[in-house]
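Next comes upload02.txt, a file with compact mmCIF, C-alpha atoms.
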```
# COMPACT_ATOMS: atom_id res chain seq x y z
CA MET A 187 -14.05 20.00 -51.51
CA VAL A 188 -16.59 21.52 -49.12
CA SER A 189 -20.10 22.34 -50.18
CA PHE A 190 -22.94 23.65 -48.01
CA SER A 191 -26.42 23.92 -49.46
CA ALA A 192 -29.28 25.59 -47.58
CA VAL A 193 -27.76 24.56 -44.26
CA ALA A 194 -29.53 25.53 -41.06
CA LYS A 195 -28.53 24.71 -37.52
CA ARG A 196 -30.82 25.13 -34.57
CA TYR A 197 -29.54 24.09 -31.16
CA PRO A 198 -31.85 22.43 -28.65
CA GLY A 199 -33.35 25.31 -26.71
CA GLY A 200 -34.18 27.26 -29.81
CA LEU A 201 -30.94 29.08 -30.63
CA GLN A 202 -30.77 29.44 -34.41
CA ALA A 203 -27.02 29.45 -35.11
CA LEU A 204 -27.11 29.15 -38.90
CA LYS A 205 -29.79 30.05 -41.46
CA ASP A 206 -29.81 29.03 -45.10
CA VAL A 207 -26.05 28.86 -45.54
CA THR A 208 -24.92 27.99 -49.05
CA PHE A 209 -21.34 28.12 -50.31
CA SER A 210 -18.69 25.89 -51.77
CA LEU A 211 -14.96 25.66 -51.48
CA GLU A 212 -12.94 24.22 -54.35
CA ALA A 213 -10.03 21.85 -53.75
CA GLY A 214 -6.85 23.83 -53.15
CA GLU A 215 -8.71 27.00 -52.18
CA LEU A 216 -8.02 29.12 -49.09
CA ALA A 217 -10.93 31.01 -47.58
CA PHE A 218 -11.52 33.11 -44.49
CA LEU A 219 -14.70 32.89 -42.50
CA THR A 220 -15.32 36.18 -40.76
CA GLY A 221 -17.97 37.62 -38.51
CA ARG A 222 -18.45 38.85 -35.00
CA SER A 223 -18.43 36.59 -31.98
CA GLY A 224 -21.63 34.57 -31.92
CA ALA A 225 -22.22 34.97 -35.65
CA GLY A 226 -22.07 31.20 -36.09
CA LYS A 227 -18.47 30.73 -37.29
CA SER A 228 -17.65 27.91 -34.87
CA THR A 229 -20.95 26.17 -35.58
CA LEU A 230 -20.29 26.28 -39.32
CA LEU A 231 -16.82 24.81 -38.85
CA LYS A 232 -18.14 22.07 -36.53
CA LEU A 233 -20.50 20.87 -39.24
CA ILE A 234 -17.60 19.94 -41.52
CA PRO A 235 -16.08 17.15 -39.35
CA ALA A 236 -19.58 16.14 -38.10
CA ILE A 237 -18.97 17.41 -34.55
CA GLU A 238 -22.42 18.92 -35.04
CA ARG A 239 -25.10 17.80 -37.48
CA PRO A 240 -27.16 20.28 -39.51
CA SER A 241 -30.85 20.67 -38.70
CA ALA A 242 -31.61 21.20 -42.38
CA GLY A 243 -29.75 21.23 -45.70
CA SER A 244 -26.74 19.18 -46.67
CA VAL A 245 -23.02 19.35 -46.01
CA VAL A 246 -20.78 17.57 -48.50
CA VAL A 247 -17.08 17.14 -47.73
CA ASN A 248 -14.74 15.46 -50.19
CA GLY A 249 -17.73 13.93 -52.02
CA GLN A 250 -19.22 12.51 -48.80
CA ASN A 251 -22.57 13.73 -47.54
CA VAL A 252 -21.61 14.43 -43.93
CA SER A 253 -25.19 15.15 -42.85
CA ALA A 254 -26.17 11.55 -43.68
CA LEU A 255 -22.98 9.88 -42.48
CA LYS A 256 -23.25 6.88 -40.16
CA ARG A 257 -21.75 7.31 -36.70
CA SER A 258 -19.21 4.56 -37.31
CA ALA A 259 -17.94 6.32 -40.46
CA ILE A 260 -17.23 9.64 -38.72
CA PRO A 261 -13.71 8.77 -37.42
CA TYR A 262 -12.56 8.03 -40.96
CA LEU A 263 -14.00 11.34 -42.20
CA ARG A 264 -12.16 13.22 -39.43
CA ARG A 265 -8.82 11.59 -40.24
CA ASN A 266 -8.89 13.34 -43.59
CA ILE A 267 -9.61 16.74 -42.07
CA GLY A 268 -7.01 18.68 -40.11
CA LEU A 269 -8.74 20.45 -37.22
CA VAL A 270 -7.32 23.38 -35.28
CA PHE A 271 -9.60 24.18 -32.38
CA GLN A 272 -10.26 27.54 -30.82
CA ASP A 273 -8.97 26.22 -27.46
CA GLN A 274 -6.27 24.10 -29.15
CA LYS A 275 -7.18 21.00 -27.12
CA LEU A 276 -3.58 20.03 -26.46
CA LEU A 277 -2.82 17.35 -23.88
CA TYR A 278 -0.75 18.77 -21.06
CA ASP A 279 0.33 15.43 -19.62
CA ARG A 280 2.73 14.69 -22.47
CA SER A 281 5.40 16.23 -24.64
CA ALA A 282 4.89 18.25 -27.80
CA TYR A 283 6.08 15.26 -29.82
CA ASP A 284 3.52 12.96 -28.17
CA ASN A 285 0.76 15.49 -28.84
CA VAL A 286 1.59 15.48 -32.53
CA PHE A 287 1.91 11.69 -32.47
CA LEU A 288 -1.65 11.20 -31.14
CA PRO A 289 -3.43 11.05 -34.53
CA LEU A 290 -0.78 8.62 -35.77
CA ALA A 291 -1.46 6.23 -32.90
CA PHE A 292 -4.69 5.11 -34.52
CA SER A 293 -3.65 5.35 -38.14
CA SER A 294 -1.99 2.36 -39.75
CA HIS A 295 1.49 3.80 -40.33
CA PRO A 296 4.48 1.64 -39.36
CA PRO A 297 6.21 3.08 -36.25
CA LYS A 298 9.25 4.44 -38.10
CA GLU A 299 7.12 6.16 -40.72
CA ALA A 300 4.86 7.56 -37.98
CA ALA A 301 7.85 8.99 -36.07
CA ARG A 302 9.19 10.52 -39.29
CA ARG A 303 5.83 12.14 -40.01
CA ALA A 304 5.51 13.53 -36.48
CA ARG A 305 8.97 15.15 -36.73
CA ALA A 306 8.23 16.46 -40.21
CA ALA A 307 5.03 18.12 -38.94
CA LEU A 308 6.89 19.67 -35.99
CA ASP A 309 9.55 20.88 -38.41
CA LYS A 310 6.98 22.55 -40.68
CA VAL A 311 5.70 24.71 -37.81
CA GLY A 312 9.23 25.40 -36.53
CA LEU A 313 8.94 23.41 -33.29
CA LEU A 314 11.28 20.51 -33.98
CA ALA A 315 13.79 21.82 -31.44
CA ARG A 316 11.08 21.84 -28.78
CA GLU A 317 9.66 18.35 -29.33
CA LYS A 318 10.39 17.27 -25.75
CA ALA A 319 8.80 20.34 -24.18
CA ASN A 320 5.46 20.11 -22.42
CA PRO A 321 2.78 22.34 -23.98
CA VAL A 322 2.66 24.46 -20.79
CA GLN A 323 6.28 25.40 -21.43
CA LEU A 324 5.37 26.78 -24.84
CA SER A 325 4.20 30.32 -25.57
CA GLY A 326 0.69 31.01 -26.89
CA GLY A 327 1.94 31.20 -30.48
CA GLU A 328 3.97 28.03 -30.07
CA GLN A 329 0.98 26.18 -28.63
CA GLN A 330 -1.08 27.25 -31.61
CA ARG A 331 1.65 26.04 -33.96
CA LEU A 332 1.75 22.74 -32.08
CA ALA A 333 -2.01 22.40 -32.62
CA ILE A 334 -1.45 23.01 -36.32
CA ALA A 335 1.30 20.38 -36.42
CA ARG A 336 -1.11 17.86 -34.89
CA ALA A 337 -3.77 18.82 -37.44
CA VAL A 338 -1.51 18.30 -40.45
CA VAL A 339 0.44 15.22 -39.32
CA ASN A 340 -1.92 12.88 -41.19
CA ARG A 341 -1.51 15.06 -44.32
CA PRO A 342 -5.20 15.91 -44.66
CA ALA A 343 -6.62 17.36 -47.87
CA LEU A 344 -8.63 19.87 -45.86
CA LEU A 345 -7.52 22.07 -42.99
CA VAL A 346 -10.12 23.80 -40.81
CA ALA A 347 -9.03 26.31 -38.17
CA ASP A 348 -11.20 28.11 -35.64
CA GLU A 349 -9.76 31.46 -34.55
CA PRO A 350 -6.13 30.32 -34.76
CA THR A 351 -4.84 33.84 -34.22
CA ALA A 352 -7.03 34.82 -31.30
CA ASN A 353 -5.08 36.09 -28.28
CA LEU A 354 -1.86 36.36 -30.28
CA ASP A 355 0.22 39.43 -30.97
CA ALA A 356 0.32 40.67 -34.59
CA GLU A 357 3.68 39.08 -35.32
CA SER A 358 2.74 35.63 -34.00
CA ALA A 359 -0.63 35.86 -35.77
CA ALA A 360 1.06 36.65 -39.08
CA ARG A 361 3.41 33.71 -38.60
CA ILE A 362 0.47 31.37 -37.99
CA LEU A 363 -1.33 32.59 -41.10
CA ASP A 364 1.85 32.21 -43.13
CA ILE A 365 1.95 28.56 -42.11
CA PHE A 366 -1.62 28.08 -43.37
CA VAL A 367 -0.79 29.83 -46.62
CA ALA A 368 2.25 27.56 -47.04
CA PHE A 369 0.06 24.47 -46.66
CA ASN A 370 -2.42 25.94 -49.12
CA GLN A 371 0.40 26.43 -51.63
CA VAL A 372 1.09 22.67 -51.63
CA GLY A 373 -2.55 21.94 -52.44
CA VAL A 374 -4.30 21.73 -49.08
CA THR A 375 -7.78 23.30 -48.95
CA VAL A 376 -7.88 25.70 -45.99
CA LEU A 377 -10.79 27.33 -44.17
CA ILE A 378 -9.91 29.76 -41.37
CA ALA A 379 -12.43 31.41 -39.07
CA THR A 380 -11.32 34.76 -37.65
CA HIS A 381 -12.78 38.03 -36.44
CA ASP A 382 -9.60 39.92 -37.36
CA GLN A 383 -10.61 41.84 -40.52
CA THR A 384 -7.27 43.61 -41.02
CA LEU A 385 -5.40 40.33 -41.19
CA VAL A 386 -7.89 38.97 -43.72
CA ALA A 387 -7.58 42.01 -45.93
CA ARG A 388 -3.82 41.56 -46.19
CA TYR A 389 -4.08 38.19 -47.93
CA GLY A 390 -6.73 39.04 -50.52
CA LYS A 391 -8.33 35.60 -50.45
CA LYS A 392 -11.95 34.50 -50.61
CA VAL A 393 -13.94 35.75 -47.62
CA LEU A 394 -17.18 34.28 -46.29
CA HIS A 395 -18.81 36.75 -43.96
CA LEU A 396 -21.33 35.50 -41.42
CA ASP A 397 -23.80 37.86 -39.86
CA ALA A 398 -26.22 36.47 -37.27
CA GLY A 399 -26.13 33.03 -38.88
CA ARG A 400 -26.46 34.18 -42.50
CA LEU A 401 -23.78 34.50 -45.15
CA SER A 402 -23.58 38.00 -46.61
CA MET B 277 -3.51 -6.61 -39.52
CA SER B 278 -0.08 -5.62 -38.24
CA ALA B 279 -1.43 -2.17 -37.40
CA TRP B 280 -4.26 -3.81 -35.45
CA LEU B 281 -1.79 -5.96 -33.53
CA ARG B 282 0.44 -2.99 -32.85
CA GLN B 283 -2.47 -0.97 -31.47
CA HIS B 284 -3.44 -3.81 -29.17
CA ARG B 285 0.15 -4.23 -28.03
CA GLN B 286 0.25 -0.54 -27.19
CA ALA B 287 -3.07 -0.82 -25.37
CA PHE B 288 -1.68 -3.76 -23.40
CA ALA B 289 1.44 -1.80 -22.45
CA ALA B 290 -0.68 1.15 -21.37
CA ALA B 291 -2.94 -1.15 -19.36
CA CYS B 292 0.07 -2.70 -17.60
CA ARG B 293 1.36 0.76 -16.68
CA ARG B 294 -2.00 1.76 -15.26
CA LEU B 295 -2.64 -1.51 -13.45
CA GLY B 296 -2.69 -0.69 -9.79
CA TRP B 297 -1.13 -3.02 -7.24
CA LEU B 298 -4.00 -2.44 -4.89
CA ASN B 299 -6.55 -3.17 -7.58
CA ALA B 300 -5.05 -6.58 -8.17
CA LEU B 301 -4.96 -7.20 -4.43
CA VAL B 302 -8.61 -6.26 -3.94
CA ILE B 303 -9.77 -8.53 -6.74
CA GLY B 304 -7.48 -11.32 -5.58
CA ILE B 305 -8.75 -11.24 -2.01
CA ALA B 306 -12.38 -10.98 -3.06
CA LEU B 307 -11.94 -14.10 -5.16
CA ALA B 308 -9.67 -15.93 -2.73
CA LEU B 309 -11.87 -15.68 0.35
CA PRO B 310 -14.88 -17.64 -0.89
CA ALA B 311 -12.71 -19.93 -3.01
CA GLY B 312 -10.48 -20.75 -0.03
CA GLY B 313 -13.47 -21.30 2.25
CA TYR B 314 -15.07 -23.57 -0.29
CA ALA B 315 -11.87 -25.56 -0.69
CA LEU B 316 -11.68 -25.99 3.08
CA LEU B 317 -15.28 -27.14 3.25
CA GLU B 318 -14.77 -29.56 0.38
CA SER B 319 -11.77 -31.10 2.09
CA LEU B 320 -13.75 -31.56 5.33
CA ARG B 321 -16.74 -33.10 3.62
CA PRO B 322 -15.28 -36.61 2.98
CA ALA B 323 -14.47 -36.88 6.68
CA GLY B 324 -18.12 -36.16 7.48
CA ALA B 325 -19.38 -38.53 4.84
CA ARG B 326 -17.37 -41.41 6.27
CA LEU B 327 -19.43 -41.13 9.42
CA ALA B 328 -22.65 -42.55 8.08
CA LEU B 329 -25.12 -39.81 7.43
CA GLU B 330 -27.94 -42.31 7.45
CA PRO B 331 -29.00 -42.63 11.08
CA ARG B 332 -27.58 -45.87 12.38
CA MET B 333 -28.80 -47.13 15.72
CA THR B 334 -27.66 -49.88 17.99
CA LEU B 335 -30.42 -51.69 19.87
CA PHE B 336 -29.05 -53.34 23.04
CA LEU B 337 -31.40 -56.10 24.13
CA ASP B 338 -32.27 -57.15 27.64
CA ALA B 339 -29.93 -59.84 28.96
CA GLN B 340 -32.91 -62.16 29.55
CA VAL B 341 -34.08 -62.10 25.93
CA ARG B 342 -33.57 -65.48 24.33
CA ARG B 343 -31.66 -65.89 21.07
CA ALA B 344 -34.77 -67.03 19.17
CA ASP B 345 -36.74 -63.97 20.33
CA ALA B 346 -33.85 -61.71 19.38
CA GLU B 347 -33.72 -63.19 15.88
CA ALA B 348 -37.50 -62.87 15.57
CA LEU B 349 -37.23 -59.23 16.49
CA GLY B 350 -34.54 -58.81 13.84
CA LYS B 351 -36.83 -60.41 11.24
CA ARG B 352 -39.68 -58.11 12.27
CA LEU B 353 -37.49 -55.06 11.90
CA ARG B 354 -36.27 -56.19 8.48
CA ALA B 355 -39.89 -56.20 7.30
CA ASP B 356 -40.29 -52.52 8.26
CA PRO B 357 -40.04 -50.38 5.08
CA ARG B 358 -38.40 -47.52 6.99
CA ILE B 359 -35.46 -49.70 7.90
CA ALA B 360 -32.66 -50.15 5.37
CA GLY B 361 -30.73 -52.90 7.09
CA VAL B 362 -30.49 -54.92 10.27
CA ARG B 363 -27.43 -56.75 11.49
CA PHE B 364 -27.67 -59.06 14.45
CA VAL B 365 -24.59 -58.99 16.67
CA PRO B 366 -24.65 -61.92 19.15
CA ARG B 367 -23.06 -61.21 22.53
CA GLU B 368 -20.27 -63.76 21.83
CA GLU B 369 -19.28 -61.95 18.65
CA ALA B 370 -19.36 -58.60 20.43
CA LEU B 371 -17.07 -60.03 23.10
CA LYS B 372 -14.70 -61.38 20.43
CA GLU B 373 -14.57 -57.98 18.73
CA MET B 374 -13.90 -56.32 22.03
CA SER B 375 -11.12 -58.66 23.04
CA ALA B 376 -9.39 -57.92 19.75
CA VAL B 377 -8.92 -54.37 20.99
CA GLN B 378 -5.47 -54.00 22.46
CA GLY B 379 -5.46 -54.11 26.28
CA LEU B 380 -9.12 -55.03 26.71
CA SER B 381 -8.63 -58.82 26.48
CA GLU B 382 -7.04 -58.92 29.95
CA VAL B 383 -9.92 -56.92 31.39
CA ILE B 384 -12.48 -59.26 29.85
CA ALA B 385 -10.56 -62.33 31.02
CA ALA B 386 -10.57 -60.91 34.55
CA LEU B 387 -14.35 -60.53 34.42
CA GLY B 388 -14.80 -64.21 33.90
CA ARG B 389 -18.20 -63.89 32.15
CA ASN B 390 -19.60 -62.06 29.14
CA PRO B 391 -21.05 -58.75 30.31
CA LEU B 392 -22.31 -57.76 26.86
CA PRO B 393 -25.89 -58.06 25.67
CA ASP B 394 -27.04 -59.15 22.24
CA ALA B 395 -27.46 -56.24 19.89
CA LEU B 396 -29.16 -55.30 16.65
CA VAL B 397 -27.48 -52.70 14.45
CA VAL B 398 -30.25 -50.95 12.52
CA THR B 399 -29.73 -48.61 9.62
CA SER B 400 -32.87 -46.59 9.21
CA ARG B 401 -34.02 -44.11 6.63
CA GLU B 402 -35.82 -42.10 9.28
CA ASN B 403 -35.15 -41.25 12.86
CA ILE B 404 -37.19 -43.87 14.67
CA ALA B 405 -34.98 -44.30 17.73
CA ASP B 406 -37.80 -43.50 20.20
CA GLU B 407 -40.13 -46.01 18.58
CA LEU B 408 -37.49 -48.72 18.64
CA ALA B 409 -36.74 -48.07 22.29
CA ARG B 410 -40.33 -48.95 23.13
CA LEU B 411 -40.11 -52.40 21.52
CA PRO B 412 -40.31 -55.31 23.98
CA GLY B 413 -36.91 -56.71 24.93
CA VAL B 414 -35.01 -53.58 23.94
CA ALA B 415 -33.02 -52.26 26.86
CA HIS B 416 -31.38 -49.24 25.28
CA VAL B 417 -31.08 -47.54 21.89
CA GLN B 418 -27.95 -45.69 20.98
CA ALA B 419 -28.41 -43.38 17.99
CA ASP B 420 -24.84 -42.71 16.96
CA ALA B 421 -25.82 -40.71 13.89
CA VAL B 422 -27.13 -37.66 15.70
CA TRP B 423 -23.92 -35.72 15.82
CA ALA B 424 -23.05 -36.71 12.26
CA ARG B 425 -26.32 -35.20 11.13
CA ARG B 426 -25.55 -32.07 13.11
CA LEU B 427 -22.19 -31.91 11.36
CA ALA B 428 -23.90 -32.24 7.99
CA ALA B 429 -26.34 -29.49 8.91
CA ALA B 430 -23.50 -27.25 10.09
CA ALA B 431 -21.63 -27.91 6.85
CA ALA B 432 -24.72 -26.94 4.86
CA ILE B 433 -24.99 -23.69 6.83
CA VAL B 434 -21.30 -22.94 6.30
CA GLU B 435 -21.69 -23.63 2.60
CA LEU B 436 -24.68 -21.31 2.39
CA GLY B 437 -22.67 -18.70 4.27
CA LEU B 438 -19.83 -19.08 1.77
CA TRP B 439 -22.19 -18.62 -1.15
CA LEU B 440 -23.56 -15.47 0.47
CA LEU B 441 -20.01 -14.23 1.08
CA ALA B 442 -19.08 -15.00 -2.53
CA ALA B 443 -22.15 -13.14 -3.78
CA LEU B 444 -21.42 -10.19 -1.53
CA LEU B 445 -17.76 -9.99 -2.47
CA GLY B 446 -18.65 -10.54 -6.11
CA ALA B 447 -21.04 -7.59 -6.03
CA GLY B 448 -18.39 -5.55 -4.21
CA LEU B 449 -15.86 -6.51 -6.82
CA VAL B 450 -18.11 -5.42 -9.67
CA ALA B 451 -18.71 -2.09 -7.90
CA VAL B 452 -14.98 -1.56 -7.24
CA THR B 453 -14.10 -2.43 -10.81
CA PHE B 454 -16.76 -0.14 -12.23
CA ASN B 455 -15.54 2.66 -10.04
CA THR B 456 -11.93 2.09 -11.03
CA ILE B 457 -12.82 2.16 -14.70
CA ARG B 458 -14.92 5.28 -14.20
CA LEU B 459 -12.06 7.06 -12.43
CA GLN B 460 -9.64 5.94 -15.10
CA ILE B 461 -11.91 7.32 -17.79
CA LEU B 462 -12.31 10.56 -15.86
CA THR B 463 -8.55 11.03 -15.65
CA GLN B 464 -8.25 10.29 -19.37
CA ARG B 465 -11.29 12.31 -20.27
CA GLU B 466 -9.35 14.96 -22.19
CA GLU B 467 -7.35 12.41 -24.10
CA ILE B 468 -10.51 10.52 -25.05
CA GLU B 469 -12.27 13.72 -26.07
CA VAL B 470 -9.38 14.92 -28.23
CA SER B 471 -8.85 11.46 -29.72
CA LYS B 472 -12.48 11.28 -30.77
CA LEU B 473 -12.31 14.74 -32.32
CA ILE B 474 -9.34 13.83 -34.46
CA GLY B 475 -10.63 10.52 -35.74
CA ALA B 476 -10.14 7.73 -33.19
CA THR B 477 -12.70 4.94 -33.48
CA ASP B 478 -14.69 3.81 -30.45
CA ALA B 479 -12.87 0.48 -30.56
CA PHE B 480 -9.50 2.24 -30.34
CA ILE B 481 -10.64 4.23 -27.31
CA ARG B 482 -12.11 1.18 -25.62
CA ALA B 483 -9.08 -1.06 -26.22
CA PRO B 484 -6.97 0.07 -23.21
CA THR B 485 -9.93 -0.34 -20.87
CA THR B 486 -10.83 -3.83 -22.02
CA THR B 487 -7.20 -4.85 -22.01
CA SER B 488 -6.70 -3.50 -18.51
CA GLY B 489 -9.76 -5.47 -17.41
CA CYS B 490 -8.17 -8.67 -18.69
CA CYS B 491 -4.86 -7.74 -17.04
CA LYS B 492 -6.55 -7.16 -13.70
CA ALA B 493 -8.43 -10.43 -13.83
CA SER B 494 -5.28 -12.38 -14.60
CA SER B 495 -3.14 -10.49 -12.11
CA ALA B 496 -5.58 -11.48 -9.39
CA ALA B 497 -4.98 -15.17 -10.17
CA PRO B 498 -1.72 -15.55 -8.18
CA TRP B 499 -3.53 -14.46 -5.04
CA ARG B 500 -6.26 -16.93 -5.67
CA SER B 501 -3.90 -19.86 -6.25
CA ARG B 502 -1.95 -18.93 -3.14
CA SER B 503 -5.11 -19.31 -1.09
CA SER B 504 -5.93 -22.70 -2.57
CA ARG B 505 -2.43 -23.90 -1.70
CA ARG B 506 -3.19 -22.90 1.87
CA ARG B 507 -5.77 -25.67 2.17
CA SER B 508 -3.21 -28.45 1.64
CA PRO B 509 -2.86 -29.45 5.35
CA PHE B 510 -6.56 -30.25 5.38
CA SER B 511 -6.55 -32.21 2.18
CA THR B 512 -3.66 -34.42 3.26
CA ALA B 513 -5.50 -35.13 6.50
CA ARG B 514 -8.09 -37.08 4.55
```

Written as structure tokens, that's how I'd like the structure from this file.
Amino acid sequence: MVSFSAVAKRYPGGLQALKDVTFSLEAGELAFLTGRSGAGKSTLLKLIPAIERPSAGSVVVNGQNVSALKRSAIPYLRRNIGLVFQDQKLLYDRSAYDNVFLPLAFSSHPPKEAARRARAALDKVGLLAREKANPVQLSGGEQQRLAIARAVVNRPALLVADEPTANLDAESAARILDIFVAFNQVGVTVLIATHDQTLVARYGKKVLHLDAGRLS
Amino acid sequence: MSAWLRQHRQAFAAACRRLGWLNALVIGIALALPAGGYALLESLRPAGARLALEPRMTLFLDAQVRRADAEALGKRLRADPRIAGVRFVPREEALKEMSAVQGLSEVIAALGRNPLPDALVVTSRENIADELARLPGVAHVQADAVWARRLAAAAAIVELGLWLLAALLGAGLVAVTFNTIRLQILTQREEIEVSKLIGATDAFIRAPTTTSGCCKASSAAPWRSRSSRRRSPFSTAR
């Protein structure tokens, strides 16, 4: 599903974020990406939906070589990847429902089907009752769940989450991870970046540990 | 195809919601001012054209000049390449024309004799009034085209002014529109950023902006047509 081979990423200015990163993730697998802040977790995740391009090596997602992808093809790659961002990137000028609806606005679903999907996604994260609420009215955990609902509304085969449990209490964090595990159980490939080692240990899944840009 | 249409319909609806009243007004006025001025100028132009723009002069001859000399002078003038046409108006004909004017016939009858001189009406391609005045037997030259030429010159200046105004307002309009679009994009910056991150194509993001541009242009049209209706009193005066 995801395969990195000898990937390096150097930012303009000389910061070497990733060095010789090689790993692969099978379809239907759930893996944690761990490491301290600044270890390169976010950079690694950004390479998957082509938010960043690798300086060297190749990134293959779903059989597509992302590193060589044309600019015009990137939107279609991203539609098949559910992204949960570290800062959630919710839109605060509209309701929870409209936030989840956003990815459906540019997909080709008929309006009724799109509305059904948006409600189904909200239901899966337990926010259906709050569909009319503005994101600012939601708690931190609820906002994170809303971000997950938006990520999965297009039913992607791959779900990538960057620190989805940061700034959450243990109970909310566990609930978020349970949601990811539930998606994984229905066949979605999941990659979660986190610095919370204790949480990772509880699930006993594959762990990719980054240390100063290298996998160890 | 239906999805494409639906997206454009949504973009149109969004554009209509965002379309500012004031925006439409600004564009409308910027287009209406030069257009209205031009319409006014165009409706005045036929009136100016009716007054011959070619300098036409009337040469009044001395009363003592004999008919044969007058006709010889006319022939001489006709031979001049700068002169387009010469019409000889004998004093009797001039008197007849004058008496046809309501109220003047009694005055002329009271005079008892013909006070009018013979005249030559000369249409010239150049302004040669001074030269003609120096001809023997010519008592007085009346160049009745001078003010018509001034009118034509004034109209040309006004037209130039209108073009400058149109250019200025056009440039202003482009600047205002650019700024509006820039502000609109700034207010939607987050939405655009998030949309791009989750798979929106550039065309999808651009659609509301292009649609709103079309909406603005067409919403300005009523203002423009209102201004062109305003010129009607002038056009009926023709």

Practice task
Taking only C-alpha atoms into account, report as an MDAnalysis selection string which residues of chain B lie within 12 Å of chain A.
Solution key: chainID B and resid 277:287 463:481 483

Exercise for the section: Quote the spacing between atom CA of Asp394 of chain B and atom CA of Lys372 of chain B in Å to one decimal place. Expected result: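 Spanning atom CA of Asp394 of chain B to atom CA of Lys372 of chain B is a straight-line distance of 12.7 Å.
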
Exercise for the section: Would you list the contacts of Val245 of chain A as a list in words, taking every protein, DNA or RNA residue within 6 Å and counting all atoms listed in the file, but skipping same-chain residues closer than 5 positions in sequence? Expected result: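 The residues that qualify are Ser189, Phe190, Asn251, Val252 and Ser253 of chain A.
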
Exercise for the section: State, in Å with one decimal place, the distance from atom CA of Leu313 of chain A to atom CA of Lys298 of chain A. Expected result: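 Atom-to-atom, atom CA of Leu313 of chain A and atom CA of Lys298 of chain A are spaced 19.6 Å apart.
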
Practice task
Write out as a list in words each polymer residue whose atoms come within 12 Å of Ala409 of chain B, counting all atoms listed in the file; drop sequence neighbours fewer than 6 positions from it.
Solution key: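 Here the qualifying residues turn out to be Met333, Thr334, Leu335, Phe336, Leu337, Asp338, Leu396, Asn403, Ala415, His416, Val417, Gln418 and Ala419 of chain B.
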
Problem - Surrounding residues of Gln340 of chain B excluding itself and chain neighbours under 4 positions, 12 Å, only C-alpha atoms, as a PyMOL selection string - result: chain B and resi 336+344-346+392-394+412-415

Box in all listed atoms of segment 292-295 of chain A, axis-aligned, with 3 Å more on each side; write out centre and edge lengths in Å to one decimal as AutoDock Vina command-line options.
```
--center_x -1.6 --center_y 3.9 --center_z -37.4 --size_x 12.2 --size_y 9.0 --size_z 11.8
```

Problem - atom CA of Arg280 of chain A to atom CA of Asn455 of chain B, distance in Å rounded to a single decimal - result: 25.2 Å

Fill in the blank from the handout: Thr485 of chain B proximity check over B:Leu387, B:Lys351, B:Phe288, B:Tyr314, using all atoms listed in the file: winner is B:Phe288

How about completing segment 307-318 of chain B with N, CA and C atoms and giving it to me as a PDB file, keeping the file's coordinate frame?
```
ATOM      1  N   LEU B 307     -11.743 -12.787  -4.561  1.00  0.00           N
ATOM      2  CA  LEU B 307     -11.940 -14.100  -5.160  1.00  0.00           C
ATOM      3  C   LEU B 307     -11.407 -15.205  -4.259  1.00  0.00           C
ATOM      4  N   ALA B 308     -10.330 -14.894  -3.516  1.00  0.00           N
ATOM      5  CA  ALA B 308      -9.670 -15.930  -2.730  1.00  0.00           C
ATOM      6  C   ALA B 308     -10.477 -16.327  -1.502  1.00  0.00           C
ATOM      7  N   LEU B 309     -11.143 -15.366  -0.881  1.00  0.00           N
ATOM      8  CA  LEU B 309     -11.870 -15.680   0.350  1.00  0.00           C
ATOM      9  C   LEU B 309     -12.921 -16.768   0.166  1.00  0.00           C
ATOM     10  N   PRO B 310     -13.893 -16.566  -0.733  1.00  0.00           N
ATOM     11  CA  PRO B 310     -14.880 -17.640  -0.890  1.00  0.00           C
ATOM     12  C   PRO B 310     -14.258 -18.907  -1.482  1.00  0.00           C
ATOM     13  N   ALA B 311     -13.318 -18.743  -2.391  1.00  0.00           N
ATOM     14  CA  ALA B 311     -12.710 -19.930  -3.010  1.00  0.00           C
ATOM     15  C   ALA B 311     -11.971 -20.747  -1.961  1.00  0.00           C
ATOM     16  N   GLY B 312     -11.226 -20.058  -1.086  1.00  0.00           N
ATOM     17  CA  GLY B 312     -10.480 -20.750  -0.030  1.00  0.00           C
ATOM     18  C   GLY B 312     -11.424 -21.439   0.941  1.00  0.00           C
ATOM     19  N   GLY B 313     -12.486 -20.729   1.336  1.00  0.00           N
ATOM     20  CA  GLY B 313     -13.470 -21.300   2.250  1.00  0.00           C
ATOM     21  C   GLY B 313     -14.124 -22.529   1.652  1.00  0.00           C
ATOM     22  N   TYR B 314     -14.418 -22.450   0.378  1.00  0.00           N
ATOM     23  CA  TYR B 314     -15.070 -23.570  -0.290  1.00  0.00           C
ATOM     24  C   TYR B 314     -14.131 -24.768  -0.354  1.00  0.00           C
ATOM     25  N   ALA B 315     -12.861 -24.483  -0.626  1.00  0.00           N
ATOM     26  CA  ALA B 315     -11.870 -25.560  -0.690  1.00  0.00           C
ATOM     27  C   ALA B 315     -11.760 -26.250   0.676  1.00  0.00           C
ATOM     28  N   LEU B 316     -11.767 -25.450   1.728  1.00  0.00           N
ATOM     29  CA  LEU B 316     -11.680 -25.990   3.080  1.00  0.00           C
ATOM     30  C   LEU B 316     -12.887 -26.888   3.370  1.00  0.00           C
ATOM     31  N   LEU B 317     -14.045 -26.383   3.013  1.00  0.00           N
ATOM     32  CA  LEU B 317     -15.280 -27.140   3.250  1.00  0.00           C
ATOM     33  C   LEU B 317     -15.266 -28.445   2.474  1.00  0.00           C
ATOM     34  N   GLU B 318     -14.812 -28.368   1.220  1.00  0.00           N
ATOM     35  CA  GLU B 318     -14.770 -29.560   0.380  1.00  0.00           C
ATOM     36  C   GLU B 318     -13.828 -30.608   0.944  1.00  0.00           C
TER      37      GLU B 318
END
```
